[in-house]
>>> print(open('work30.txt').read())   # compact mmCIF, C-alpha atoms
# COMPACT_ATOMS: atom_id res chain seq x y z
CA MET R 1 16.22 -25.25 123.31
CA LYS R 2 14.82 -24.78 126.81
CA ILE R 3 15.71 -27.34 129.46
CA THR R 4 13.87 -27.16 132.75
CA LEU R 5 14.87 -29.19 135.77
CA THR R 6 12.27 -29.47 138.52
CA GLU R 7 13.69 -30.40 141.90
CA LEU R 8 11.87 -33.30 143.56
CA HIS R 9 14.16 -34.56 146.29
CA VAL R 10 17.44 -33.38 147.78
CA GLY R 11 19.35 -36.04 149.68
CA THR R 12 22.76 -36.02 151.30
CA CYS R 13 24.56 -37.35 148.19
CA SER R 14 22.23 -36.85 145.21
CA THR R 15 19.35 -34.69 144.04
CA VAL R 16 16.44 -36.00 141.97
CA THR R 17 14.84 -33.74 139.38
CA THR R 18 12.52 -34.24 136.45
CA ILE R 19 13.76 -32.90 133.14
CA ALA R 20 11.64 -31.08 130.59
CA PHE R 21 12.68 -30.26 127.02
CA ASP R 22 10.83 -27.22 125.65
CA GLU R 23 8.25 -27.51 128.47
CA LYS R 24 7.63 -31.21 127.76
CA ASP R 25 8.22 -33.09 131.02
CA LEU R 26 7.53 -36.80 130.47
CA ALA R 27 8.73 -37.94 133.91
CA GLY R 28 6.80 -35.14 135.63
CA ASP R 29 3.63 -36.11 133.74
CA PHE R 30 4.16 -39.78 134.59
CA LEU R 31 4.64 -39.08 138.32
CA ASP R 32 1.77 -36.59 138.32
CA SER R 33 -0.69 -39.09 136.89
CA LEU R 34 0.64 -41.80 139.22
CA GLU R 35 0.18 -39.55 142.22
CA GLN R 36 -3.44 -39.03 141.22
CA SER R 37 -4.32 -42.57 140.15
CA ARG R 38 -2.14 -44.70 142.45
CA PRO R 39 -0.75 -42.54 145.30
CA GLN R 40 0.57 -45.67 147.04
CA ASP R 41 2.91 -46.24 144.09
CA ALA R 42 4.04 -42.61 144.08
CA THR R 43 4.81 -43.06 147.78
CA LYS R 44 7.03 -46.04 146.88
CA PHE R 45 8.98 -43.82 144.46
CA GLN R 46 9.33 -41.23 147.22
CA THR R 47 10.88 -43.85 149.53
CA ALA R 48 13.18 -45.02 146.74
CA PHE R 49 14.37 -41.45 146.01
CA SER R 50 14.99 -40.80 149.68
CA THR R 51 17.11 -43.96 149.98
CA ILE R 52 19.02 -43.66 146.70
CA CYS R 53 19.88 -40.00 147.37
CA ASP R 54 21.31 -40.71 150.82
CA VAL R 55 23.88 -43.26 149.62
CA LYS R 56 26.91 -42.54 147.48
CA ASN R 57 26.81 -44.89 144.48
CA TYR R 58 23.73 -46.82 145.56
CA SER R 59 24.22 -50.41 144.41
CA ASN R 60 20.98 -52.29 145.17
CA ASP R 61 19.75 -53.10 141.68
CA THR R 62 16.39 -54.35 142.89
CA LYS R 63 15.58 -50.64 143.46
CA PHE R 64 17.95 -48.70 141.21
CA LYS R 65 19.26 -50.67 138.29
CA ASN R 66 21.97 -49.61 135.89
CA LEU R 67 20.63 -50.58 132.46
CA GLY R 68 23.83 -49.61 130.65
CA ASP R 69 24.62 -46.57 128.48
CA GLY R 70 24.13 -44.34 131.53
CA ILE R 71 20.44 -45.13 131.95
CA TYR R 72 19.11 -46.19 135.35
CA GLU R 73 15.67 -47.40 136.33
CA VAL R 74 14.01 -46.79 139.67
CA LYS R 75 11.97 -49.93 140.25
CA ILE R 76 8.77 -50.33 142.17
CA TRP R 77 6.16 -53.05 141.73
CA GLY R 78 4.90 -52.88 138.13
CA LYS R 79 6.28 -49.38 137.42
CA ARG R 80 9.58 -48.05 136.20
CA LEU R 81 11.05 -44.55 136.20
CA TYR R 82 14.00 -44.02 133.86
CA CYS R 83 16.80 -41.63 134.78
CA PHE R 84 20.33 -40.60 133.94
CA LYS R 85 22.99 -38.94 136.04
CA ASP R 86 24.93 -35.72 135.62
CA THR R 87 27.96 -35.86 137.90
CA SER R 88 29.75 -32.91 136.26
CA GLY R 89 29.17 -30.52 139.17
CA ASP R 90 27.79 -27.86 136.78
CA PHE R 91 24.79 -27.37 139.05
CA GLU R 92 26.82 -26.83 142.21
CA GLU R 93 26.70 -23.06 142.03
CA ALA R 94 23.01 -22.94 141.12
CA THR R 95 21.79 -25.45 143.67
CA GLY R 96 24.22 -24.61 146.44
CA CYS R 97 25.26 -28.21 146.98
CA SER R 98 27.71 -30.61 145.37
CA ASN R 99 25.20 -33.42 144.94
CA HIS R 100 25.15 -35.64 141.89
CA MET R 101 22.09 -34.93 139.78
CA ILE R 102 19.71 -37.79 139.01
CA MET R 103 17.45 -36.65 136.20
CA ALA R 104 14.19 -38.53 135.77
CA CYS R 105 13.34 -38.38 132.09
CA CYS R 106 10.41 -40.76 131.51
CA GLY R 107 8.47 -43.57 133.08
CA GLY R 108 6.15 -46.41 132.31
CA SER R 109 4.59 -49.69 133.34
CA LYS R 110 6.47 -52.94 133.46
CA ASN R 111 4.11 -54.74 131.14
CA ALA R 112 5.67 -56.18 128.04
CA LYS R 113 9.38 -56.28 127.21
CA LYS R 114 8.58 -54.38 124.01
CA GLU R 115 7.01 -51.50 125.94
CA GLN R 116 9.93 -51.40 128.38
CA ASN R 117 12.45 -51.34 125.55
CA ARG R 118 10.56 -48.47 123.96
CA ASP R 119 10.74 -46.51 127.24
CA ILE R 120 14.45 -47.31 127.67
CA ASN R 121 15.19 -46.11 124.12
CA LYS R 122 13.19 -42.98 124.81
CA ALA R 123 15.30 -42.35 127.95
CA LEU R 124 18.48 -42.94 125.99
CA GLY R 125 17.38 -40.43 123.35
CA LEU R 126 16.58 -37.83 126.02
CA LYS R 127 19.94 -38.37 127.70
CA LYS R 128 21.76 -37.81 124.40
CA LYS R 129 19.62 -34.74 123.72
CA TYR R 130 20.49 -33.30 127.15
CA PHE R 131 24.25 -33.75 126.88
CA LYS R 132 24.22 -32.41 123.31
CA ALA R 133 22.21 -29.36 124.44
CA LYS R 134 24.67 -28.74 127.30
CA GLY R 135 27.38 -28.10 124.75
CA GLU R 136 25.31 -25.63 122.74
CA ASP R 137 25.39 -21.90 123.45
CA ASP R 138 21.71 -21.18 122.78
CA THR R 139 20.38 -23.68 125.34
CA GLU R 140 18.45 -22.08 128.19
CA PHE R 141 18.69 -23.90 131.50
CA LYS R 142 16.14 -23.37 134.24
CA TYR R 143 16.31 -25.01 137.65
CA ILE R 144 13.05 -24.92 139.59
CA LYS R 145 13.72 -25.04 143.27
CA THR R 146 10.92 -25.34 145.78
CA ASP R 147 10.57 -22.23 147.84
CA ASP R 148 8.65 -23.12 150.98
CA GLU R 149 8.43 -19.50 152.06
CA ASN R 150 6.16 -18.72 149.12
CA MET N 151 26.63 -23.08 131.02
CA LYS N 152 24.26 -20.52 132.50
CA ILE N 153 21.52 -21.80 134.79
CA GLU N 154 18.62 -19.64 135.86
CA VAL N 155 17.43 -20.70 139.29
CA ILE N 156 13.74 -20.07 139.85
CA LYS N 157 12.32 -20.23 143.33
CA LYS N 158 8.59 -20.56 143.32
CA LYS N 159 5.68 -22.08 145.17
CA PRO N 160 6.05 -25.87 144.97
CA THR N 161 3.86 -27.68 142.46
CA LYS N 162 1.53 -30.42 143.68
CA LEU N 163 4.13 -33.00 142.69
CA GLN N 164 7.00 -31.18 144.44
CA LYS N 165 4.81 -30.87 147.53
CA PHE N 166 4.08 -34.60 147.41
CA PHE N 167 7.77 -35.52 147.17
CA SER N 168 8.85 -33.11 149.89
CA THR N 169 6.40 -34.53 152.44
CA PRO N 170 8.35 -36.19 155.29
CA LEU N 171 8.35 -40.00 155.05
CA ASN N 172 5.68 -41.74 157.10
CA PHE N 173 6.48 -44.58 159.51
CA GLU N 174 6.08 -47.36 156.91
CA GLN N 175 8.33 -45.50 154.47
CA ARG N 176 10.95 -44.93 157.16
CA VAL N 177 10.91 -48.66 157.96
CA GLU N 178 11.33 -49.52 154.26
CA LYS N 179 14.15 -46.99 153.90
CA SER N 180 15.96 -48.42 156.94
CA GLN N 181 15.63 -51.93 155.49
CA LEU N 182 17.02 -50.76 152.16
CA LEU N 183 19.95 -49.03 153.88
CA VAL N 184 20.74 -52.21 155.82
CA MET N 185 20.60 -54.16 152.55
CA GLU N 186 22.97 -51.66 150.95
CA LYS N 187 25.52 -52.39 153.68
CA LEU N 188 25.04 -56.12 153.16
CA LEU N 189 25.55 -55.70 149.40
CA ASN N 190 28.79 -53.78 150.06
CA CYS N 191 30.08 -56.65 152.21
CA MET N 192 29.02 -59.17 149.54
CA GLY N 193 30.83 -57.11 146.91
CA LYS N 194 34.07 -57.15 148.94
CA LEU N 195 33.87 -60.94 149.19
CA GLY N 196 32.81 -61.37 145.57
CA MET N 197 29.71 -63.16 146.80
CA ASN N 198 26.60 -63.36 144.64
CA ARG N 199 22.98 -63.62 145.77
CA SER N 200 22.64 -67.37 145.36
CA LYS N 201 25.76 -67.89 147.50
CA LEU N 202 24.26 -65.60 150.15
CA ALA N 203 20.99 -67.53 150.05
CA GLU N 204 22.95 -70.74 150.47
CA ALA N 205 24.96 -69.36 153.40
CA MET N 206 21.82 -68.02 155.08
CA GLU N 207 19.91 -71.24 154.35
CA ILE N 208 17.07 -69.37 152.68
CA SER N 209 15.73 -69.39 149.12
CA PRO N 210 17.11 -66.98 146.46
CA ALA N 211 13.59 -65.49 146.34
CA GLY N 212 13.96 -64.73 150.05
CA VAL N 213 17.14 -62.76 149.32
CA THR N 214 15.38 -60.81 146.55
CA LYS N 215 12.55 -60.02 148.95
CA MET N 216 15.05 -58.71 151.50
CA LEU N 217 16.79 -56.57 148.88
CA ARG N 218 13.48 -55.09 147.75
CA GLY N 219 12.89 -53.79 151.27
CA SER N 220 9.51 -55.48 151.44
CA ASN N 221 10.56 -58.07 153.99
CA ASN N 222 10.40 -57.06 157.64
CA PHE N 223 13.36 -59.16 158.67
CA THR N 224 14.12 -60.13 162.25
CA VAL N 225 17.31 -59.52 164.22
CA ALA N 226 17.99 -63.25 163.83
CA THR N 227 17.91 -62.83 160.04
CA LEU N 228 20.29 -59.88 160.32
CA VAL N 229 22.74 -61.88 162.44
CA LYS N 230 22.53 -64.73 159.91
CA ALA N 231 23.16 -62.29 157.04
CA ALA N 232 26.14 -60.73 158.86
CA GLU N 233 27.65 -64.15 159.55
CA ALA N 234 27.10 -65.18 155.95
CA VAL N 235 29.42 -62.34 154.87
CA ASP N 236 31.93 -63.07 157.62
CA CYS N 237 30.93 -60.08 159.74
CA GLU N 238 29.42 -59.30 163.09
CA ILE N 239 26.38 -57.11 163.37
CA SER N 240 26.76 -53.69 164.93
CA ILE N 241 23.81 -51.38 165.50
CA ASN N 242 23.87 -47.73 166.43
CA PHE N 243 21.12 -45.33 167.48
CA LYS N 244 22.13 -41.81 166.58
CA PRO N 245 20.37 -38.65 167.72
CA LYS N 246 18.08 -37.20 165.05
CA GLY N 247 19.84 -34.85 162.65
CA HIS N 248 23.34 -36.05 163.59
CA GLU N 249 25.81 -37.22 161.02
CA GLU N 250 27.94 -40.28 161.68
CA VAL N 251 31.14 -41.61 160.23
CA TRP N 252 32.17 -45.23 160.61
CA CYS N 253 35.51 -46.76 159.93
CA THR N 254 36.79 -50.25 160.40
CA TYR N 255 40.44 -50.87 161.24
CA GLU N 256 42.76 -53.37 162.84
CA ASN N 257 43.81 -52.87 166.47
CA GLU N 258 47.48 -52.84 165.57
CA HIS N 259 46.91 -49.68 163.55
CA VAL N 260 45.35 -47.81 166.47
CA HIS N 261 47.45 -45.49 168.59
CA ALA N 262 48.00 -46.95 172.06
CA GLN N 263 46.32 -43.94 173.69
CA PHE N 264 43.03 -44.90 172.04
CA GLN N 265 43.11 -48.53 173.10
CA PRO N 266 43.45 -48.52 176.90
CA ASN N 267 42.27 -52.11 177.29
CA ILE N 268 44.89 -53.52 174.97
CA LYS N 269 48.05 -54.78 176.66
CA LYS N 270 51.38 -53.57 175.32
CA ASN N 271 53.27 -55.86 172.98
CA VAL N 272 50.19 -57.90 172.18
CA THR N 273 49.44 -58.04 168.50
CA ARG N 274 45.90 -58.88 167.55
CA VAL N 275 46.15 -59.80 163.96
CA GLY N 276 42.80 -60.14 162.24
CA ARG N 277 40.85 -58.57 165.08
CA PHE N 278 38.78 -55.69 163.75
CA VAL N 279 37.40 -52.80 165.72
CA THR N 280 34.57 -50.61 164.50
CA HIS N 281 34.49 -47.10 165.81
CA GLY N 282 31.58 -44.70 165.59
CA LEU N 283 32.45 -41.02 165.60
CA ASP N 284 29.94 -38.38 166.48
CA LEU N 285 30.84 -35.31 164.43
CA ASN N 286 29.15 -33.06 166.95
CA GLU N 287 31.40 -34.40 169.67
CA THR N 288 34.40 -32.19 170.39
CA PRO N 289 37.83 -33.79 170.95
CA ALA N 290 37.49 -32.84 174.60
CA ASP N 291 34.20 -34.77 174.87
CA ALA N 292 35.77 -37.76 173.17
CA ALA N 293 38.62 -37.77 175.63
>>> encode(input="work30.txt", output="structure tokens")
Amino acid sequence: MKITLTELHVGTCSTVTTIAFDEKDLAGDFLDSLEQSRPQDATKFQTAFSTICDVKNYSNDTKFKNLGDGIYEVKIWGKRLYCFKDTSGDFEEATGCSNHMIMACCGGSKNAKKEQNRDINKALGLKKKYFKAKGEDDTEFKYIKTDDEN
Amino acid sequence: MKIEVIKKKPTKLQKFFSTPLNFEQRVEKSQLLVMEKLLNCMGKLGMNRSKLAEAMEISPAGVTKMLRGSNNFTVATLVKAAEAVDCEISINFKPKGHEEVWCTYENEHVHAQFQPNIKKNVTRVGRFVTHGLDLNETPADAA
């Protein structure tokens, strides 16, 4: 399996990435379409990332809510981005910093409870898939860092 | 676990998220950071949101609005919030790019050399002092 992490924001305590399994990046696609259709909402996520990543163990659940089972949601008006954390420090060498990793795995609208539950279960499945893949030898990890010099 | 780090030209999305925050975003972030400090104080006291609303004489919806960062609260609201969690407000302007470390301690635990205005043999139980430390400041500067 190929797991690709795309760096979105590096704060003083945490780093936000999207996570793709075999090139399928649900959170990246969600944020991409949001940036095109409702840039003001994407901007709200940017502010949330910047705040969450600058505080160790951010606790304001009106912005970043722990849903249990290691799944967190970044909340903005009418939209939700689901994430999980990897605090193992396995990325320290690759990224050059000891930040906790916040991996955005999928997103959706806050419409019906049923839809939200579906998204949460999807996030939970992706989290399990990630941690299982970490323990397997044939998993390929790629970390896409932005290179401003390019 | 082997990780291949790839440095390449940022995608449109990466570019979007690496843009510096605009003024409105910086205001929202500052509000959220203030709220985080308030939540920490509430946590220490075991205070919930409805108790805070009661102490601040505002509605629970008003507290939620503050926590969401969408409410441009006044200094008066901040003072009220600080008093509601048995604190005093303390504001610092730090030079851009500087780091800061804050610690809160009781006077009696401070070495006499660092408290010139405190008379000897006077114990100030319950009096708290907050000290801001500029990491770029050398010990010589501090002295």
>>> closest_residue(input="work30.txt", among="N:Lys179, N:Met206, N:Ser200, N:Phe173", to="chain R", atoms="all atoms listed in the file")
N:Lys179
>>> axis_aligned_box(input="work30.txt", around="region 248-253 of chain N", padding_each_side="8 Å", output="JSON")
{"center_x": 29.4, "center_y": -41.4, "center_z": 161.8, "size_x": 28.2, "size_y": 26.7, "size_z": 19.7}
>>> closest_residue(input="work30.txt", among="R:Asp119, R:Glu93, R:Asp22, R:Glu73", to="chain N", atoms="all atoms listed in the file")
R:Glu93
>>> interface_residues(input="work30.txt", of="chain N", to="chain R", cutoff="10 Å", atoms="only C-alpha atoms", output="MDAnalysis selection string")
chainID N and resid 151:172 174:183 185:190 193 214:219
>>> atom_distance(input="work30.txt", atom1="CA of Ala104 (chain R)", atom2="CA of Thr12 (chain R)")
17.9 Å
>>> atom_distance(input="work30.txt", atom1="CA of Pro210 (chain N)", atom2="CA of Val184 (chain N)")
17.9 Å
>>> residues_around(input="work30.txt", residues="Asn117 (chain R)", least_positions_apart="2", cutoff="12 Å", atoms="all atoms listed in the file", output="PyMOL selection string")
chain R and resi 67+71+73+80+82+107-115+119-124
>>> atom_distance(input="work30.txt", atom1="CA of Leu34 (chain R)", atom2="CA of Gly68 (chain R)")
25.9 Å
>>> residues_around(input="work30.txt", residues="region 236-241 of chain N", least_positions_apart="5", cutoff="10 Å", atoms="only C-alpha atoms", output="ChimeraX atom specification")
/N:188,191-192,195,225,228-231,278,280
>>> residues_around(input="work30.txt", residues="Met101 (chain R)", least_positions_apart="3", cutoff="9 Å", atoms="all atoms listed in the file", output="PyMOL selection string")
chain R and resi 14-17+84-89+91
>>> decode(input="work30.txt", residues="region 222-242 of chain N", atoms="N, CA and C atoms", output="CSV table (one decimal), in the first residue's frame")
chain,number,residue,atom,x,y,z
N,222,ASN,N,-16.3,39.6,18.5
N,222,ASN,CA,-15.2,40.5,18.7
N,222,ASN,C,-15.4,41.1,20.1
N,223,PHE,N,-15.0,40.4,21.1
N,223,PHE,CA,-15.2,40.9,22.5
N,223,PHE,C,-14.4,42.1,22.9
N,224,THR,N,-15.0,42.8,23.8
N,224,THR,CA,-14.3,44.1,24.3
N,224,THR,C,-13.4,43.7,25.5
N,225,VAL,N,-12.6,44.7,25.8
N,225,VAL,CA,-11.7,44.5,27.0
N,225,VAL,C,-12.5,44.3,28.2
N,226,ALA,N,-13.7,45.0,28.3
N,226,ALA,CA,-14.6,44.8,29.5
N,226,ALA,C,-15.0,43.4,29.6
N,227,THR,N,-15.3,42.7,28.4
N,227,THR,CA,-15.7,41.3,28.4
N,227,THR,C,-14.6,40.5,28.9
N,228,LEU,N,-13.4,40.8,28.5
N,228,LEU,CA,-12.2,40.0,28.9
N,228,LEU,C,-11.9,40.1,30.4
N,229,VAL,N,-12.1,41.3,30.9
N,229,VAL,CA,-11.9,41.5,32.4
N,229,VAL,C,-13.0,40.7,33.1
N,230,LYS,N,-14.2,40.8,32.6
N,230,LYS,CA,-15.3,40.0,33.2
N,230,LYS,C,-15.0,38.5,33.2
N,231,ALA,N,-14.5,38.0,32.1
N,231,ALA,CA,-14.1,36.6,31.9
N,231,ALA,C,-13.0,36.2,32.9
N,232,ALA,N,-12.0,37.1,33.0
N,232,ALA,CA,-10.9,36.8,33.9
N,232,ALA,C,-11.4,36.7,35.3
N,233,GLU,N,-12.2,37.7,35.7
N,233,GLU,CA,-12.7,37.7,37.1
N,233,GLU,C,-13.6,36.5,37.3
N,234,ALA,N,-14.3,36.0,36.3
N,234,ALA,CA,-15.2,34.9,36.5
N,234,ALA,C,-14.4,33.6,36.8
N,235,VAL,N,-13.1,33.6,36.4
N,235,VAL,CA,-12.3,32.4,36.7
N,235,VAL,C,-11.2,32.7,37.7
N,236,ASP,N,-11.6,33.8,38.5
N,236,ASP,CA,-10.7,34.1,39.7
N,236,ASP,C,-9.3,34.5,39.2
N,237,CYS,N,-9.2,35.3,38.2
N,237,CYS,CA,-7.9,35.7,37.6
N,237,CYS,C,-7.9,37.2,37.4
N,238,GLU,N,-6.8,37.7,37.1
N,238,GLU,CA,-6.7,39.1,36.6
N,238,GLU,C,-6.1,39.1,35.2
N,239,ILE,N,-6.5,40.0,34.4
N,239,ILE,CA,-6.1,40.0,33.0
N,239,ILE,C,-4.7,40.5,32.9
N,240,SER,N,-3.9,39.9,32.0
N,240,SER,CA,-2.5,40.4,31.8
N,240,SER,C,-2.3,40.3,30.3
N,241,ILE,N,-1.9,41.4,29.7
N,241,ILE,CA,-1.7,41.5,28.2
N,241,ILE,C,-0.3,41.8,27.9
N,242,ASN,N,0.3,41.2,26.9
N,242,ASN,CA,1.6,41.4,26.5
N,242,ASN,C,1.7,41.6,25.0
